[in-house]
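K.L.:
Questions regarding the structure given below will be posed in turn.
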Protein chains: 2
Amino acid sequence: MVEYGKTLRMIRKQKGITLKQLADGICSVSFLSKFERGDSDITLSLMTRLIEKLMMNFDEFLYIHHDYQPDQLEQFFKTASTAYLNRDVKQLKQLKNGQINKWKQYGVETYHYNALLIEVYESIVDKDYIDEGVQENDIRLLSDYLFRVEVWGYYELTLYNGTLLLLKPDMVIMLSRTAYEKSARFREYKKVDDEITAVLFNTIIFLLGSVNRFHEEFTYQKEISEFISYLETIAIPESNLTERVYLLQLKGSYDIRTGNKEEGTAKIKQTIQLLNDLNATKMANNIEQYLVQIIQ
Amino acid sequence: MVEYGKTLRMIRKQKGITLKQLADGICSVSFLSKFERGDSDITLSLMTRLIEKLMMNFDEFLYIHHDYQPDQLEQFFKTASTAYLNRDVKQLKQLKNGQINKWKQYGVETYHYNALLIEVYESIVDKDYIDEGVQENDIRLLSDYLFRVEVWGYYELTLYNGTLLLLKPDMVIMLSRTAYEKSARFREYKKVDDEITAVLFNTIIFLLGSVNRFHEEFTYQKEISEFISYLETIAIPESNLTERVYLLQLKGSYDIRTGNKEEGTAKIKQTIQLLNDLNATKMANNIEQYLVQIIQ
DNA sequence: TTTAAAATTATCATATAGTGGAATGTTTAT
DNA sequence: ATAAACATTCCACTATATGATAATTTTAAA
């Protein structure tokens, strides 16, 4: 049993509410007291109503309870991507083993997918990584799962964002479309919506760098326009300028990629100008380097 | 009892996990089945672990459970501010009465504060509003509460953002400082951090429009710089361009307000240019109108 | 300090959350 | 079509969440 009651008591006291006032209409005073002291667990239904009456929500409550740390899932993705960015191979291996152990213990496949995500990171970062191709088989398992799920939530989107790099372009096109469609109901939920946007951006960037196997030349124009149109029409409200700046940059890259070098360069230079105007110098420099690279 | 179990079952099935796999290490299979069918409530501790194993968090789970609607608190603030923006006096009155009834029923003061928030909206929107000054007394109650609370969370910040307009400038300065300091631990929590940023912006805008009672002239330069510095140094990472654009605009207004008309106008014009470059025409137009107004 | 009122805790009774295992239903393979 | 393997439900039982009431502690006023 976890002693959530103590956190509840702290919050209640802060707001100057008595046991009686809080319990009224929800549960008995004596029980609330017992729960707050850590002498009893509590039913989900009761807890929901108590939290509502305290003008809170579960997320914030648990965030405080865990000493101002995000929930476990978010922390997992965060730790993994931090280790990746720091090229911390040891940490990555450790994380992976943790997930694999859980997978073996419970047989729950999602732990397997998590391990796979980390393996992708590993294969990029680790020089000594023995390239068994990040198991074709595993990748099929993962994409099968993503195709099967009917609603994509935070987990699926974030997982996909992390593993997309390892897939074949045609697979990415299909999956990203699926992701976009099957996460529609979350469009009002900021945390998930941000992941949807990220999927679209990652897809476009990935396709810009891909070459069609059969034609040996750049032929994803149609698809890239498709995903750009998703971004333009739905995912980016006027108030989300950061995404709009990125989009401008991507459009520029697209122009260059499709032979329209002049116009593309102009767009990217405009992006850099915008960022410098807002003192976002790091971002501006990154894009400048990118421009030099892509022009060759 | 609320039948959360049915939602859980749906999610579990989606992920292709069996009762046994999910229950393993957490609770018995038979109980999980019972819970999922809606035949039993569940303990908070168990539910937490089940949700974690499903790679979810409470917020997202409840969002789905409530048919893809946000939690009650968020919905309250949203409904209120929508009614305000639509100048829907009837809706506002209705909302207010709901909160007042709860206040009377339980004696919990937070309901009272909520009612007060709506009254502020009402007093602005409603032509027939009888100005009893939105009770001095009530306002004191509210600010007393805000001073008293040791940690400002989503509720306090959002409440303050809505009522700030009715306070005296000196009060706003003190409270905004308090808000900034006492919400420090939430800086990594996006939803709350967004509210912190909003408080700082609202404070600056409010002070730009205020005149010191004693000097009968504009004398909040020092304070405005203080809040701008909060925004610059901590609250706005490079990637948050929208806030940076707003900030540029505010700095322009500040320049104009302090007599530096030329430089200020230049900054605001730059803001408008940036927004137009990104096709954010509505925002650009709004600021243009604002510029015309302020220059007089 | 004294005292009354309010807020919290302790005690015990009972409703219900949660377990183990047998029975039933469902899928898969031969 | 049938058995075998697996997933879920049913039932009897135990542990514990929750309520009613009394006892204690805290707060506030005189």
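Going by the structure tokens order, chains are called A, B, ..., each with residues numbered from 1, while ligands are numbered from 1 in the order shown.
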Would you list which chain C residues are within 7 Å of chain B using only C-alpha atoms (C1' of nucleotides), as a list in words?

P.N.:
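Every residue meeting the condition is included here: DA17, DG18 and DT19 of chain C.
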
K.L.:
Would you export the selected residues with N, CA and C atoms (P, O5', C5', C4', C3', O3' and C1' of nucleotides) as a compact mmCIF listing (two decimals), in the first residue's frame, please?

P.N.:
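To be explicit, this is the file written out as result17.txt:
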```txt
# COMPACT_ATOMS: atom_id res chain seq x y z
P DA C 17 -16.09 -2.78 -3.35
O5' DA C 17 -14.50 -2.94 -3.41
C5' DA C 17 -13.71 -2.15 -2.55
C4' DA C 17 -12.45 -2.89 -2.12
C3' DA C 17 -11.58 -3.44 -3.24
O3' DA C 17 -10.23 -3.28 -2.82
C1' DA C 17 -12.27 -5.22 -1.84
P DG C 18 -8.98 -3.61 -3.81
O5' DG C 18 -8.79 -5.19 -3.66
C5' DG C 18 -7.94 -5.68 -2.62
C4' DG C 18 -7.98 -7.18 -2.61
C3' DG C 18 -7.52 -7.91 -3.88
O3' DG C 18 -6.34 -8.64 -3.58
C1' DG C 18 -9.44 -8.91 -2.96
P DT C 19 -5.73 -9.76 -4.55
O5' DT C 19 -6.24 -11.11 -3.87
C5' DT C 19 -5.84 -11.44 -2.53
C4' DT C 19 -6.06 -12.93 -2.27
C3' DT C 19 -5.50 -13.87 -3.33
O3' DT C 19 -4.78 -14.91 -2.68
C1' DT C 19 -7.80 -14.32 -3.01
```

K.L.:
For chain D, list the residues within 10 Å of chain B, counting only C-alpha atoms (C1' of nucleotides), and write the list as a PDB file with C-alpha atoms (C1' of nucleotides), in the first residue's frame.

P.N.:
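Resulting contents of selection_36.pdb:
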```
ATOM      1  C1'  DA D   7      -8.450 -16.915 -21.088  1.00  0.00           C
ATOM      2  C1'  DT D   8     -12.210 -15.669 -18.347  1.00  0.00           C
ATOM      3  C1'  DT D   9     -15.829 -16.159 -14.835  1.00  0.00           C
ATOM      4  C1'  DC D  10     -17.978 -18.162 -10.608  1.00  0.00           C
ATOM      5  C1'  DA D  17     -12.061  -0.262   3.346  1.00  0.00           C
TER       6       DA D  17
END
```

K.L.:
Counting only C-alpha atoms, figure out which residue out of B:Leu92, B:Leu207, B:Met10, B:Val199 gets nearest to chain A.

P.N.:
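Closest to chain A of all the choices is B:Met10.
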
K.L.:
From a DSSP pass on the backbone, collect the residues of region 162-211 of chain A flagged as alpha helix (DSSP H) and hand them back as number ranges by chain.

P.N.:
A: 162-163, 169-182, 190-208

K.L.:
May I have the residues within 12 Å of DC12 (chain C) as a list in words, using only C-alpha atoms (C1' of nucleotides) and disregarding those fewer than 6 positions away in the same chain?

P.N.:
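The residues that qualify are DG19, DA20, DT21 and DA22 of chain D.
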
K.L.:
For chain A against chain B, which residues fall within 8 Å using only C-alpha atoms, given as a PyMOL selection string?

P.N.:
chain A and resi 1-2+14-15+17+21-22+24+41-45+47+52+55-59+68+70-73+106-110+145+148-150+154-155+185-186+189+238-242+244-245+248+274+278-280+282-283

K.L.:
CA of Thr79 (chain B) to CA of Glu195 (chain A): how many Å, to one decimal?

P.N.:
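We find that CA of Thr79 (chain B) and CA of Glu195 (chain A) lie 25.6 Å from each other.
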